[in-house]
Every structure is written in C-alpha cells, then in structure tokens.
$ cat my_file-v6.pdb   # PDB, C-alpha atoms, pLDDT in the B column
ATOM      1  CA  GLY S  28      17.828  -5.059 -86.943  1.00 81.00           C
ATOM      2  CA  TRP S  29      21.474  -4.023 -87.103  1.00 81.00           C
ATOM      3  CA  ALA S  30      24.404  -3.427 -84.721  1.00 76.00           C
ATOM      4  CA  VAL S  31      27.881  -2.123 -85.568  1.00 82.00           C
ATOM      5  CA  GLY S  32      31.173  -1.640 -83.750  1.00 75.00           C
ATOM      6  CA  ARG S  33      34.944  -2.067 -83.651  1.00 79.00           C
ATOM      7  CA  GLY S  34      37.017  -3.311 -86.567  1.00 82.00           C
ATOM      8  CA  GLY S  35      34.238  -2.807 -89.100  1.00 82.00           C
ATOM      9  CA  ALA S  36      31.938  -5.140 -87.164  1.00 80.00           C
ATOM     10  CA  ALA S  37      28.414  -5.242 -88.607  1.00 84.00           C
ATOM     11  CA  LEU S  38      25.778  -7.632 -87.266  1.00 82.00           C
ATOM     12  CA  ARG S  39      22.267  -8.273 -88.567  1.00 85.00           C
ATOM     13  CA  THR S  40      19.302 -10.070 -87.012  1.00 80.00           C
ATOM     14  CA  THR S  41      16.117 -11.182 -88.779  1.00 82.00           C
ATOM     15  CA  ASP S  42      14.483 -12.939 -85.818  1.00 78.00           C
ATOM     16  CA  GLY S  43      14.110 -10.200 -83.223  1.00 75.00           C
ATOM     17  CA  GLY S  44      17.616 -10.611 -81.807  1.00 76.00           C
ATOM     18  CA  VAL S  45      17.534 -14.355 -81.072  1.00 80.00           C
ATOM     19  CA  THR S  46      20.436 -14.857 -83.511  1.00 85.00           C
ATOM     20  CA  TRP S  47      22.880 -12.431 -85.143  1.00 85.00           C
ATOM     21  CA  SER S  48      24.961 -12.882 -88.328  1.00 84.00           C
ATOM     22  CA  THR S  49      28.119 -11.012 -89.391  1.00 85.00           C
ATOM     23  CA  ILE S  50      27.860  -8.875 -92.535  1.00 83.00           C
ATOM     24  CA  GLU S  51      30.912  -7.960 -94.649  1.00 85.00           C
ATOM     25  CA  THR S  52      31.126  -4.281 -95.637  1.00 87.00           C
ATOM     26  CA  GLY S  53      34.629  -4.203 -97.088  1.00 85.00           C
ATOM     27  CA  HIS S  54      35.764  -1.701 -94.452  1.00 87.00           C
ATOM     28  CA  SER S  55      37.697  -2.127 -91.205  1.00 85.00           C
ATOM     29  CA  THR S  56      37.087   1.394 -89.858  1.00 88.00           C
ATOM     30  CA  TYR S  57      35.575   1.680 -86.389  1.00 90.00           C
ATOM     31  CA  PHE S  58      31.830   1.894 -87.122  1.00 91.00           C
ATOM     32  CA  LEU S  59      29.995   4.161 -84.695  1.00 86.00           C
ATOM     33  CA  GLY S  60      26.432   4.431 -86.004  1.00 86.00           C
ATOM     34  CA  VAL S  61      23.910   2.664 -88.230  1.00 89.00           C
ATOM     35  CA  HIS S  62      20.366   3.351 -89.360  1.00 89.00           C
ATOM     36  CA  PHE S  63      18.040   1.903 -91.986  1.00 92.00           C
ATOM     37  CA  ALA S  64      15.202   3.938 -93.474  1.00 93.00           C
ATOM     38  CA  ASP S  65      13.580   0.732 -94.769  1.00 93.00           C
ATOM     39  CA  THR S  66      14.573  -2.895 -95.358  1.00 90.00           C
ATOM     40  CA  LEU S  67      16.889  -1.965 -98.242  1.00 94.00           C
ATOM     41  CA  THR S  68      18.257   1.549 -97.642  1.00 96.00           C
ATOM     42  CA  GLY S  69      20.606   2.336 -94.777  1.00 94.00           C
ATOM     43  CA  TRP S  70      23.723   4.197 -93.683  1.00 96.00           C
ATOM     44  CA  ILE S  71      26.738   3.395 -91.473  1.00 95.00           C
ATOM     45  CA  VAL S  72      28.951   6.168 -90.078  1.00 94.00           C
ATOM     46  CA  GLY S  73      32.292   5.997 -88.298  1.00 93.00           C
ATOM     47  CA  ARG S  74      35.708   7.420 -87.606  1.00 94.00           C
ATOM     48  CA  GLY S  75      37.335   9.914 -89.950  1.00 94.00           C
ATOM     49  CA  GLY S  76      34.029  11.170 -91.296  1.00 96.00           C
ATOM     50  CA  LEU S  77      33.182   7.783 -92.806  1.00 96.00           C
ATOM     51  CA  ILE S  78      29.720   7.433 -94.377  1.00 97.00           C
ATOM     52  CA  LEU S  79      28.613   4.214 -96.087  1.00 96.00           C
ATOM     53  CA  LYS S  80      25.255   3.702 -97.789  1.00 97.00           C
ATOM     54  CA  THR S  81      23.485   0.541 -98.913  1.00 95.00           C
ATOM     55  CA  GLU S  82      20.444   0.294-101.134  1.00 95.00           C
ATOM     56  CA  ASP S  83      20.218  -3.508-101.221  1.00 93.00           C
ATOM     57  CA  GLY S  84      19.725  -4.424 -97.588  1.00 90.00           C
ATOM     58  CA  GLY S  85      23.428  -4.521 -96.736  1.00 88.00           C
ATOM     59  CA  SER S  86      24.682  -6.800 -99.518  1.00 88.00           C
ATOM     60  CA  SER S  87      26.851  -3.955-100.856  1.00 90.00           C
ATOM     61  CA  TRP S  88      28.002  -0.625 -99.447  1.00 93.00           C
ATOM     62  CA  VAL S  89      29.172   2.595-101.154  1.00 94.00           C
ATOM     63  CA  ALA S  90      31.228   5.328 -99.463  1.00 95.00           C
ATOM     64  CA  GLN S  91      29.881   8.890 -99.573  1.00 97.00           C
ATOM     65  CA  PRO S  92      31.869  12.139 -99.064  1.00 95.00           C
ATOM     66  CA  SER S  93      31.001  13.677 -95.700  1.00 95.00           C
ATOM     67  CA  GLY S  94      33.114  16.811 -96.054  1.00 93.00           C
ATOM     68  CA  THR S  95      34.534  16.403 -92.543  1.00 94.00           C
ATOM     69  CA  PRO S  96      37.450  14.549 -90.912  1.00 94.00           C
ATOM     70  CA  ASN S  97      35.519  14.431 -87.634  1.00 94.00           C
ATOM     71  CA  SER S  98      34.323  11.083 -86.364  1.00 94.00           C
ATOM     72  CA  LEU S  99      30.614  10.637 -87.024  1.00 94.00           C
ATOM     73  CA  LEU S 100      28.950   8.972 -84.074  1.00 87.00           C
ATOM     74  CA  SER S 101      25.351   8.532 -85.219  1.00 87.00           C
ATOM     75  CA  VAL S 102      23.112   8.667 -88.275  1.00 91.00           C
ATOM     76  CA  THR S 103      19.329   8.715 -88.711  1.00 89.00           C
ATOM     77  CA  ALA S 104      17.229   8.618 -91.878  1.00 93.00           C
ATOM     78  CA  LEU S 105      13.562   9.188 -92.677  1.00 90.00           C
ATOM     79  CA  ASP S 106      13.763   7.718 -96.182  1.00 93.00           C
ATOM     80  CA  GLY S 107      16.266   7.164 -98.969  1.00 94.00           C
ATOM     81  CA  SER S 108      16.742  10.921 -99.427  1.00 95.00           C
ATOM     82  CA  LYS S 109      16.611  12.661 -96.039  1.00 94.00           C
ATOM     83  CA  ALA S 110      19.185  11.805 -93.345  1.00 95.00           C
ATOM     84  CA  TRP S 111      21.180  13.459 -90.544  1.00 93.00           C
ATOM     85  CA  ALA S 112      24.502  12.572 -88.852  1.00 94.00           C
ATOM     86  CA  VAL S 113      26.252  13.984 -85.754  1.00 93.00           C
ATOM     87  CA  GLY S 114      29.732  13.665 -84.313  1.00 91.00           C
ATOM     88  CA  THR S 115      32.725  15.144 -82.560  1.00 92.00           C
ATOM     89  CA  ASP S 116      33.211  18.916 -82.275  1.00 89.00           C
ATOM     90  CA  GLY S 117      29.430  19.199 -82.364  1.00 88.00           C
ATOM     91  CA  VAL S 118      29.259  18.336 -86.069  1.00 91.00           C
ATOM     92  CA  ILE S 119      25.732  18.042 -87.493  1.00 92.00           C
ATOM     93  CA  LEU S 120      25.351  16.913 -91.120  1.00 94.00           C
ATOM     94  CA  ARG S 121      22.156  16.854 -93.191  1.00 93.00           C
ATOM     95  CA  THR S 122      21.337  15.465 -96.637  1.00 94.00           C
ATOM     96  CA  ILE S 123      18.157  15.766 -98.670  1.00 92.00           C
ATOM     97  CA  ASP S 124      19.434  13.971-101.775  1.00 96.00           C
ATOM     98  CA  GLY S 125      20.312  10.521-100.496  1.00 96.00           C
ATOM     99  CA  GLY S 126      23.828  11.461 -99.430  1.00 96.00           C
ATOM    100  CA  ALA S 127      25.126  12.861-102.717  1.00 96.00           C
ATOM    101  CA  ASN S 128      25.629  16.079-100.746  1.00 96.00           C
ATOM    102  CA  TRP S 129      25.885  16.571 -96.981  1.00 96.00           C
ATOM    103  CA  ASP S 130      25.408  20.079 -95.520  1.00 91.00           C
ATOM    104  CA  MET S 131      27.160  20.894 -92.231  1.00 88.00           C
ATOM    105  CA  VAL S 132      26.050  22.761 -89.111  1.00 80.00           C
ATOM    106  CA  ARG S 133      28.240  22.915 -85.974  1.00 74.00           C
ATOM    107  CA  ARG S 134      27.490  23.055 -82.264  1.00 72.00           C
ATOM    108  CA  SER S 135      29.786  23.531 -79.265  1.00 70.00           C
ATOM    109  CA  THR S 136      29.376  20.120 -77.585  1.00 84.00           C
ATOM    110  CA  VAL S 137      30.085  16.571 -78.714  1.00 90.00           C
ATOM    111  CA  LEU S 138      26.890  14.944 -79.959  1.00 92.00           C
ATOM    112  CA  TYR S 139      26.751  11.162 -79.849  1.00 89.00           C
ATOM    113  CA  ASP S 140      23.345  10.432 -81.352  1.00 88.00           C
ATOM    114  CA  VAL S 141      20.562  11.985 -83.421  1.00 90.00           C
ATOM    115  CA  HIS S 142      17.027  10.904 -84.297  1.00 90.00           C
ATOM    116  CA  PHE S 143      14.232  12.429 -86.385  1.00 94.00           C
ATOM    117  CA  VAL S 144      10.599  11.269 -86.458  1.00 94.00           C
ATOM    118  CA  ASP S 145       9.558  13.525 -89.346  1.00 94.00           C
ATOM    119  CA  PRO S 146      11.257  16.146 -91.564  1.00 92.00           C
ATOM    120  CA  LEU S 147      10.976  18.815 -88.850  1.00 93.00           C
ATOM    121  CA  SER S 148      11.093  17.081 -85.426  1.00 95.00           C
ATOM    122  CA  GLY S 149      14.363  15.652 -84.137  1.00 94.00           C
ATOM    123  CA  TRP S 150      16.617  15.270 -81.088  1.00 95.00           C
ATOM    124  CA  ALA S 151      20.347  14.890 -80.457  1.00 94.00           C
ATOM    125  CA  ALA S 152      22.178  13.755 -77.311  1.00 94.00           C
ATOM    126  CA  GLY S 153      25.742  14.242 -76.107  1.00 94.00           C
ATOM    127  CA  THR S 154      28.171  14.991 -73.316  1.00 94.00           C
ATOM    128  CA  PHE S 155      27.173  15.791 -69.719  1.00 94.00           C
ATOM    129  CA  GLY S 156      23.528  14.872 -70.197  1.00 96.00           C
ATOM    130  CA  THR S 157      23.008  17.115 -73.215  1.00 94.00           C
ATOM    131  CA  ILE S 158      19.713  16.664 -75.070  1.00 96.00           C
ATOM    132  CA  ILE S 159      18.697  19.164 -77.742  1.00 94.00           C
ATOM    133  CA  ARG S 160      15.521  19.309 -79.857  1.00 95.00           C
ATOM    134  CA  THR S 161      14.690  20.861 -83.219  1.00 93.00           C
ATOM    135  CA  ILE S 162      11.249  21.532 -84.679  1.00 95.00           C
ATOM    136  CA  ASP S 163      12.515  23.103 -87.920  1.00 91.00           C
ATOM    137  CA  GLY S 164      14.486  20.273 -89.501  1.00 88.00           C
ATOM    138  CA  GLY S 165      17.768  21.127 -87.813  1.00 85.00           C
ATOM    139  CA  GLU S 166      17.992  24.843 -88.552  1.00 82.00           C
ATOM    140  CA  SER S 167      17.918  25.535 -84.793  1.00 86.00           C
ATOM    141  CA  PHE S 168      17.989  23.483 -81.572  1.00 89.00           C
ATOM    142  CA  ALA S 169      16.747  24.098 -78.013  1.00 92.00           C
ATOM    143  CA  ARG S 170      18.269  22.400 -74.963  1.00 93.00           C
ATOM    144  CA  GLN S 171      16.179  20.093 -72.744  1.00 95.00           C
ATOM    145  CA  VAL S 172      16.761  19.164 -69.077  1.00 95.00           C
ATOM    146  CA  SER S 173      17.838  15.524 -68.676  1.00 95.00           C
ATOM    147  CA  ASP S 174      18.652  15.679 -64.932  1.00 92.00           C
ATOM    148  CA  THR S 175      21.784  13.554 -65.410  1.00 95.00           C
ATOM    149  CA  PRO S 176      25.471  14.545 -65.541  1.00 95.00           C
ATOM    150  CA  ASN S 177      26.313  11.367 -67.459  1.00 96.00           C
ATOM    151  CA  HIS S 178      27.278  11.415 -71.112  1.00 96.00           C
ATOM    152  CA  LEU S 179      24.306  10.259 -73.198  1.00 95.00           C
ATOM    153  CA  ARG S 180      25.421   7.999 -76.035  1.00 91.00           C
ATOM    154  CA  GLY S 181      22.128   7.148 -77.720  1.00 91.00           C
ATOM    155  CA  LEU S 182      18.480   8.139 -78.064  1.00 93.00           C
ATOM    156  CA  ASP S 183      15.390   7.060 -79.980  1.00 94.00           C
ATOM    157  CA  PHE S 184      11.811   8.264 -80.456  1.00 96.00           C
ATOM    158  CA  VAL S 185       8.795   6.402 -81.854  1.00 96.00           C
ATOM    159  CA  ASN S 186       6.772   9.605 -82.284  1.00 96.00           C
ATOM    160  CA  THR S 187       6.965  13.254 -81.235  1.00 97.00           C
ATOM    161  CA  SER S 188       6.129  12.341 -77.621  1.00 96.00           C
ATOM    162  CA  ILE S 189       7.662   8.983 -76.605  1.00 97.00           C
ATOM    163  CA  GLY S 190      11.425   8.508 -76.529  1.00 97.00           C
ATOM    164  CA  TRP S 191      14.445   7.088 -74.685  1.00 96.00           C
ATOM    165  CA  ALA S 192      18.063   8.108 -74.071  1.00 97.00           C
ATOM    166  CA  VAL S 193      20.933   5.907 -72.810  1.00 96.00           C
ATOM    167  CA  GLY S 194      24.487   6.482 -71.644  1.00 96.00           C
ATOM    168  CA  GLU S 195      27.174   6.044 -69.037  1.00 95.00           C
ATOM    169  CA  ALA S 196      26.776   3.900 -65.921  1.00 94.00           C
ATOM    170  CA  GLY S 197      23.718   2.062 -67.255  1.00 93.00           C
ATOM    171  CA  THR S 198      21.751   5.276 -67.692  1.00 95.00           C
ATOM    172  CA  ILE S 199      18.333   4.890 -69.334  1.00 94.00           C
ATOM    173  CA  LEU S 200      15.953   7.867 -69.562  1.00 96.00           C
ATOM    174  CA  ARG S 201      12.380   7.880 -70.879  1.00 94.00           C
ATOM    175  CA  THR S 202      10.020  10.683 -71.902  1.00 95.00           C
ATOM    176  CA  THR S 203       6.348  10.686 -72.820  1.00 94.00           C
ATOM    177  CA  ASN S 204       6.051  14.396 -73.651  1.00 96.00           C
ATOM    178  CA  GLY S 205       8.686  15.043 -76.279  1.00 96.00           C
ATOM    179  CA  GLY S 206      11.474  15.597 -73.791  1.00 96.00           C
ATOM    180  CA  SER S 207       9.893  18.282 -71.640  1.00 96.00           C
ATOM    181  CA  ASP S 208      10.400  15.769 -68.802  1.00 96.00           C
ATOM    182  CA  TRP S 209      12.870  12.866 -68.678  1.00 97.00           C
ATOM    183  CA  ILE S 210      12.465   9.997 -66.162  1.00 93.00           C
ATOM    184  CA  THR S 211      15.234   7.590 -65.100  1.00 92.00           C
ATOM    185  CA  VAL S 212      14.566   3.874 -65.726  1.00 90.00           C
ATOM    186  CA  ASP S 213      16.454   1.027 -63.980  1.00 87.00           C
ATOM    187  CA  ALA S 214      18.550  -0.843 -66.564  1.00 85.00           C
ATOM    188  CA  GLY S 215      19.771  -3.508 -64.156  1.00 84.00           C
ATOM    189  CA  THR S 216      23.380  -2.826 -65.175  1.00 86.00           C
ATOM    190  CA  ASP S 217      26.092  -0.217 -64.703  1.00 88.00           C
ATOM    191  CA  VAL S 218      27.712  -1.010 -68.076  1.00 89.00           C
ATOM    192  CA  GLU S 219      28.012   1.940 -70.448  1.00 93.00           C
ATOM    193  CA  LEU S 220      25.022   1.857 -72.808  1.00 93.00           C
ATOM    194  CA  THR S 221      25.773   3.192 -76.266  1.00 86.00           C
ATOM    195  CA  ALA S 222      22.599   2.942 -78.358  1.00 85.00           C
ATOM    196  CA  VAL S 223      18.854   2.332 -78.144  1.00 90.00           C
ATOM    197  CA  ASP S 224      16.254   1.450 -80.775  1.00 87.00           C
ATOM    198  CA  PHE S 225      12.522   0.831 -80.349  1.00 93.00           C
ATOM    199  CA  VAL S 226      10.411  -0.583 -83.188  1.00 92.00           C
ATOM    200  CA  ASP S 227       7.223   0.568 -81.450  1.00 95.00           C
ATOM    201  CA  ARG S 228       6.287   2.031 -78.047  1.00 93.00           C
ATOM    202  CA  ASN S 229       6.811  -1.378 -76.344  1.00 95.00           C
ATOM    203  CA  SER S 230       9.588  -3.341 -78.090  1.00 94.00           C
ATOM    204  CA  GLY S 231      13.177  -2.113 -78.101  1.00 94.00           C
ATOM    205  CA  TRP S 232      16.865  -2.933 -77.714  1.00 91.00           C
ATOM    206  CA  VAL S 233      19.859  -1.317 -76.027  1.00 91.00           C
ATOM    207  CA  VAL S 234      23.501  -2.201 -76.742  1.00 87.00           C
ATOM    208  CA  GLY S 235      26.662  -1.438 -74.801  1.00 87.00           C
ATOM    209  CA  GLY S 236      30.078  -2.433 -73.557  1.00 84.00           C
ATOM    210  CA  GLY S 237      31.237  -6.034 -73.664  1.00 80.00           C
ATOM    211  CA  GLY S 238      28.798  -6.882 -76.447  1.00 81.00           C
ATOM    212  CA  LEU S 239      25.832  -6.349 -74.119  1.00 85.00           C
ATOM    213  CA  ILE S 240      22.400  -6.393 -75.757  1.00 87.00           C
ATOM    214  CA  LEU S 241      19.302  -5.672 -73.663  1.00 90.00           C
ATOM    215  CA  LYS S 242      15.728  -6.157 -74.877  1.00 92.00           C
ATOM    216  CA  SER S 243      12.512  -4.671 -73.509  1.00 92.00           C
ATOM    217  CA  ALA S 244       8.957  -5.677 -74.402  1.00 93.00           C
ATOM    218  CA  ASP S 245       7.187  -3.245 -72.067  1.00 90.00           C
ATOM    219  CA  GLY S 246       8.351   0.179 -73.142  1.00 90.00           C
ATOM    220  CA  GLY S 247      11.569   0.039 -71.137  1.00 86.00           C
ATOM    221  CA  ALA S 248      10.023  -0.751 -67.744  1.00 82.00           C
ATOM    222  CA  SER S 249      12.123  -3.950 -67.611  1.00 83.00           C
ATOM    223  CA  TRP S 250      15.060  -5.343 -69.575  1.00 86.00           C
ATOM    224  CA  GLY S 251      16.437  -8.806 -70.391  1.00 81.00           C
ATOM    225  CA  SER S 252      19.928  -9.630 -71.658  1.00 82.00           C
ATOM    226  CA  GLN S 253      20.708 -11.068 -75.104  1.00 72.00           C
ATOM    227  CA  ALA S 254      24.382 -12.045 -75.628  1.00 61.00           C
ATOM    228  CA  ALA S 255      25.526 -11.464 -79.220  1.00 57.00           C
ATOM    229  CA  SER S 256      29.179 -10.451 -79.521  1.00 57.00           C
ATOM    230  CA  GLU S 257      32.436 -10.248 -77.628  1.00 55.00           C
ATOM    231  CA  GLU S 258      33.075  -6.864 -79.222  1.00 57.00           C
ATOM    232  CA  GLY S 259      31.795  -3.651 -77.695  1.00 61.00           C
ATOM    233  CA  LEU S 260      28.726  -2.602 -79.693  1.00 61.00           C
ATOM    234  CA  ARG S 261      28.146   1.039 -80.551  1.00 60.00           C
ATOM    235  CA  ALA S 262      24.836   1.119 -82.415  1.00 57.00           C
ATOM    236  CA  VAL S 263      21.638  -0.857 -82.961  1.00 64.00           C
TER     237      VAL S 263
END
$ encode --input "my_file-v6.pdb" --output "structure tokens"
Amino acid sequence: GWAVGRGGAALRTTDGGVTWSTIETGHSTYFLGVHFADTLTGWIVGRGGLILKTEDGGSSWVAQPSGTPNSLLSVTALDGSKAWAVGTDGVILRTIDGGANWDMVRRSTVLYDVHFVDPLSGWAAGTFGTIIRTIDGGESFARQVSDTPNHLRGLDFVNTSIGWAVGEAGTILRTTNGGSDWITVDAGTDVELTAVDFVDRNSGWVVGGGGLILKSADGGASWGSQAASEEGLRAV
C-alpha cells in the first residue's frame, strides 16, 4: 500500500501497514493523491496539475502533462491505460492511453477524490458532502444524497455496491447499494480524514491529519490506529 503527502512525502508498506518506508520520487511538490493499478503501475497527483507515473513499482517516476494548472487532488486507475483524476475548480481528467493524453471535463464544485470499479462505473466526492456517480465512464454524473454537510475528502468502492467516503470531523460513510443510501460510521476520532482504501469488503485503511492511519478488518464497523508519520497524510 501507499500514502503520500506534504513535501513530496511518499510512503510504502509491504506488510499490511505494520511498517512504512519512505520512497524517493525526485519531487518536492505537495502530493495529494496516489493510486496503483497493479504492483508495478501507479500514478501520483498533486499541486499545480502535477501527474507522476511509475511502471516499476515506484523505483522511478516520470512526469506527465496534465493540461491544467489546477491542483489535482485524487487519481484512480483500472489498469496501465485507463485512469481518472479530479481536482480544484471541479476539474475531471481522463486518460485511455496510459497518461500520454489526458482529456478534461469540468464541474462546478471542488472534487477531492474519484474512484472507478470498471470502465463505466465511478464516483467522485467533494465539498459540502458532494457525492456524484457516473455509469457511462465519466461522460455524465448524477448527484447522490450523503446526508452530511462536511467536505468529503476521500472515497473507495470494492464493487458497484459497497463503498466508503471520509472527510471532515472524522466523518466516515458507508454504502451497500452503490450510494443510493449512505450510513454514518463511528470513526472514534474527530480528526479530518483525507483518504480511504479497502483491499476487499472487510480490510481497509483511512489516513488523515497528524499522520493518522486507521485500519479496519470488519468492513469499517470498527477502527484501530496505526501511527506512521508526523506529516499530515493525504492519500492511501
């Protein structure tokens, strides 16, 4: 697993989060999002429209042109070709050629995170509890009701039904029907939560302010703390 943050901070774990090691990327930009499509291929996004891609598991990173000066807050990838990124001013970027070209779509609200489970089905989350869903690969999005006024910084789905969203004031939301209904889960903290990632329907992590890392082994019903960094972490 991976986590990124301030000052070009990039951390990697190979033991389920028990230990974390620092990875050099050659960049000091504020990293805001990270996602790996497999063990070798992944992207990091950040301020100023930064996009970095690795194809060797993080040993080396190559910058890609995003076509925008807007900060990119999240990235998700299905494989080495298809990926999406979102950011400030409602920027939504999409590539189908591994990042050689990124196509842009804009929305009216800041979007902090995006996740796709297949080439058609995806979600994005943003300010004031915004959650939007697409079923056509990002051509159009429909808004869902989150029942929270808090900014939502991160979300993740393991299939088209089961997903989570996290945000301000320790907010954790869970859905089992694709986002038609979102239920609040007790995180045991009021720290701002910035990202969430589940490897299956039971095991997942949340990161947040003060280097907080939370782990769940029961689908988010309960959470335990894993200390990893003194830096605020933005993605996992």
$ resolve_selection --input "my_file-v6.pdb" --expression "the PyMOL selection byres ((chain S and resi 98) around 8)" --output "ChimeraX atom specification"
/S:73-77,96-97,99-100,114-115
$ closest_atom_pairs --input "my_file-v6.pdb" --of "stretch 137-195 of chain S" --to "stretch 233-255 of chain S" --cutoff "9 Å" --atoms "only C-alpha atoms" --output "tab-separated table"
residue	atom	partner	partner_atom	distance
S:Gly181	CA	S:Val233	CA	8.9
S:Trp191	CA	S:Gly247	CA	8.4
S:Val193	CA	S:Val233	CA	8.0
S:Gly194	CA	S:Gly235	CA	8.8
$ resolve_selection --input "my_file-v6.pdb" --expression "the PyMOL selection byres ((chain S and resi 180) around 12)" --output "mmCIF file with C-alpha atoms, keeping the file's coordinate frame"
data_model
loop_
_atom_site.group_PDB
_atom_site.id
_atom_site.type_symbol
_atom_site.label_atom_id
_atom_site.label_comp_id
_atom_site.auth_asym_id
_atom_site.auth_seq_id
_atom_site.Cartn_x
_atom_site.Cartn_y
_atom_site.Cartn_z
ATOM 1 C CA LEU S 59 29.995 4.161 -84.695
ATOM 2 C CA GLY S 60 26.432 4.431 -86.004
ATOM 3 C CA LEU S 100 28.950 8.972 -84.074
ATOM 4 C CA SER S 101 25.351 8.532 -85.219
ATOM 5 C CA VAL S 113 26.252 13.984 -85.754
ATOM 6 C CA GLY S 114 29.732 13.665 -84.313
ATOM 7 C CA VAL S 137 30.085 16.571 -78.714
ATOM 8 C CA LEU S 138 26.890 14.944 -79.959
ATOM 9 C CA TYR S 139 26.751 11.162 -79.849
ATOM 10 C CA ASP S 140 23.345 10.432 -81.352
ATOM 11 C CA VAL S 141 20.562 11.985 -83.421
ATOM 12 C CA ALA S 151 20.347 14.890 -80.457
ATOM 13 C CA ALA S 152 22.178 13.755 -77.311
ATOM 14 C CA GLY S 153 25.742 14.242 -76.107
ATOM 15 C CA THR S 154 28.171 14.991 -73.316
ATOM 16 C CA PHE S 155 27.173 15.791 -69.719
ATOM 17 C CA GLY S 156 23.528 14.872 -70.197
ATOM 18 C CA THR S 157 23.008 17.115 -73.215
ATOM 19 C CA ILE S 158 19.713 16.664 -75.070
ATOM 20 C CA ASN S 177 26.313 11.367 -67.459
ATOM 21 C CA HIS S 178 27.278 11.415 -71.112
ATOM 22 C CA LEU S 179 24.306 10.259 -73.198
ATOM 23 C CA GLY S 181 22.128 7.148 -77.720
ATOM 24 C CA LEU S 182 18.480 8.139 -78.064
ATOM 25 C CA ASP S 183 15.390 7.060 -79.980
ATOM 26 C CA TRP S 191 14.445 7.088 -74.685
ATOM 27 C CA ALA S 192 18.063 8.108 -74.071
ATOM 28 C CA VAL S 193 20.933 5.907 -72.810
ATOM 29 C CA GLY S 194 24.487 6.482 -71.644
ATOM 30 C CA GLU S 195 27.174 6.044 -69.037
ATOM 31 C CA ALA S 196 26.776 3.900 -65.921
ATOM 32 C CA GLY S 197 23.718 2.062 -67.255
ATOM 33 C CA THR S 198 21.751 5.276 -67.692
ATOM 34 C CA ILE S 199 18.333 4.890 -69.334
ATOM 35 C CA LEU S 200 15.953 7.867 -69.562
ATOM 36 C CA GLU S 219 28.012 1.940 -70.448
ATOM 37 C CA LEU S 220 25.022 1.857 -72.808
ATOM 38 C CA THR S 221 25.773 3.192 -76.266
ATOM 39 C CA ALA S 222 22.599 2.942 -78.358
ATOM 40 C CA VAL S 223 18.854 2.332 -78.144
ATOM 41 C CA VAL S 233 19.859 -1.317 -76.027
ATOM 42 C CA VAL S 234 23.501 -2.201 -76.742
ATOM 43 C CA GLY S 235 26.662 -1.438 -74.801
ATOM 44 C CA GLY S 236 30.078 -2.433 -73.557
ATOM 45 C CA LEU S 260 28.726 -2.602 -79.693
ATOM 46 C CA ARG S 261 28.146 1.039 -80.551
ATOM 47 C CA ALA S 262 24.836 1.119 -82.415
ATOM 48 C CA VAL S 263 21.638 -0.857 -82.961
#
$ resolve_selection --input "my_file-v6.pdb" --expression "the PyMOL selection byres ((chain S and resi 126) around 9)" --output "list in words"
Ile78, Lys80, Gln91, Pro92, Ser93, Gly107, Ser108, Lys109, Ala110, Arg121, Thr122, Ile123, Asp124, Gly125, Ala127, Asn128 and Trp129 of chain S
$ residues_near_point --input "my_file-v6.pdb" --point "(22.3, 5.0, -92.3)" --cutoff "9 Å" --atoms "all atoms listed in the file" --output "VMD selection string"
chain S and resid 60 to 64 68 to 72 78 to 81 101 to 104 110 to 112
$ residues_around --input "my_file-v6.pdb" --residues "S:Gly28" --least-positions-apart "2" --cutoff "8 Å" --atoms "all atoms listed in the file" --output "count of residues only"
7
$ closest_residue --input "my_file-v6.pdb" --among "S:Val172, S:Ile119, S:Leu147, S:Ala214" --to "S:Ile159" --atoms "all atoms listed in the file"
S:Val172
$ atom_distance --input "my_file-v6.pdb" --atom1 "atom CA of S:Asp227" --atom2 "atom CA of S:Ser86"
26.2 Å
$ atom_distance --input "my_file-v6.pdb" --atom1 "atom CA of S:Ser55" --atom2 "atom CA of S:Asp116"
23.3 Å
$ closest_residue --input "my_file-v6.pdb" --among "S:Asp106, S:Asp174, S:Glu51, S:Asp208" --to "S:Ser188" --atoms "only C-alpha atoms"
S:Asp208
$ atom_distance --input "my_file-v6.pdb" --atom1 "atom CA of S:Val118" --atom2 "atom CA of S:Phe184"
20.9 Å
$ axis_aligned_box --input "my_file-v6.pdb" --around "stretch 34-44 of chain S" --padding-each-side "5 Å" --output "JSON"
{"center_x": 25.6, "center_y": -7.9, "center_z": -85.5, "size_x": 32.9, "size_y": 20.1, "size_z": 17.3}
$ residues_around --input "my_file-v6.pdb" --residues "S:Ser207" --least-positions-apart "2" --cutoff "9 Å" --atoms "all atoms listed in the file" --output "MDAnalysis selection string"
chainID S and resid 171:173 202:205 209
$ decode --input "my_file-v6.pdb" --residues "stretch 234-244 of chain S" --atoms "N, CA and C atoms" --output "mmCIF file, in the first residue's frame"
data_model
loop_
_atom_site.group_PDB
_atom_site.id
_atom_site.type_symbol
_atom_site.label_atom_id
_atom_site.label_comp_id
_atom_site.auth_asym_id
_atom_site.auth_seq_id
_atom_site.Cartn_x
_atom_site.Cartn_y
_atom_site.Cartn_z
ATOM 1 N N VAL S 234 -6.535 7.468 6.205
ATOM 2 C CA VAL S 234 -5.475 8.353 6.683
ATOM 3 C C VAL S 234 -6.030 9.747 6.888
ATOM 4 N N GLY S 235 -5.288 10.554 7.706
ATOM 5 C CA GLY S 235 -5.765 11.895 7.991
ATOM 6 C C GLY S 235 -4.731 12.777 8.628
ATOM 7 N N GLY S 236 -5.210 13.852 9.270
ATOM 8 C CA GLY S 236 -4.332 14.839 9.860
ATOM 9 C C GLY S 236 -3.433 14.269 10.939
ATOM 10 N N GLY S 237 -2.247 14.887 11.080
ATOM 11 C CA GLY S 237 -1.301 14.461 12.095
ATOM 12 C C GLY S 237 -0.686 13.109 11.835
ATOM 13 N N GLY S 238 -0.711 12.657 10.572
ATOM 14 C CA GLY S 238 -0.147 11.356 10.240
ATOM 15 C C GLY S 238 -1.002 10.191 10.682
ATOM 16 N N LEU S 239 -2.271 10.449 11.012
ATOM 17 C CA LEU S 239 -3.162 9.392 11.489
ATOM 18 C C LEU S 239 -3.392 8.331 10.420
ATOM 19 N N ILE S 240 -3.271 7.066 10.802
ATOM 20 C CA ILE S 240 -3.660 5.949 9.952
ATOM 21 C C ILE S 240 -4.566 5.032 10.772
ATOM 22 N N LEU S 241 -5.768 4.798 10.259
ATOM 23 C CA LEU S 241 -6.723 3.891 10.889
ATOM 24 C C LEU S 241 -6.868 2.647 10.019
ATOM 25 N N LYS S 242 -7.015 1.497 10.672
ATOM 26 C CA LYS S 242 -7.229 0.239 9.945
ATOM 27 C C LYS S 242 -8.494 -0.443 10.440
ATOM 28 N N SER S 243 -9.257 -1.004 9.499
ATOM 29 C CA SER S 243 -10.442 -1.782 9.833
ATOM 30 C C SER S 243 -10.315 -3.172 9.225
ATOM 31 N N ALA S 244 -10.763 -4.175 9.963
ATOM 32 C CA ALA S 244 -10.771 -5.551 9.463
ATOM 33 C C ALA S 244 -12.186 -6.108 9.389
#
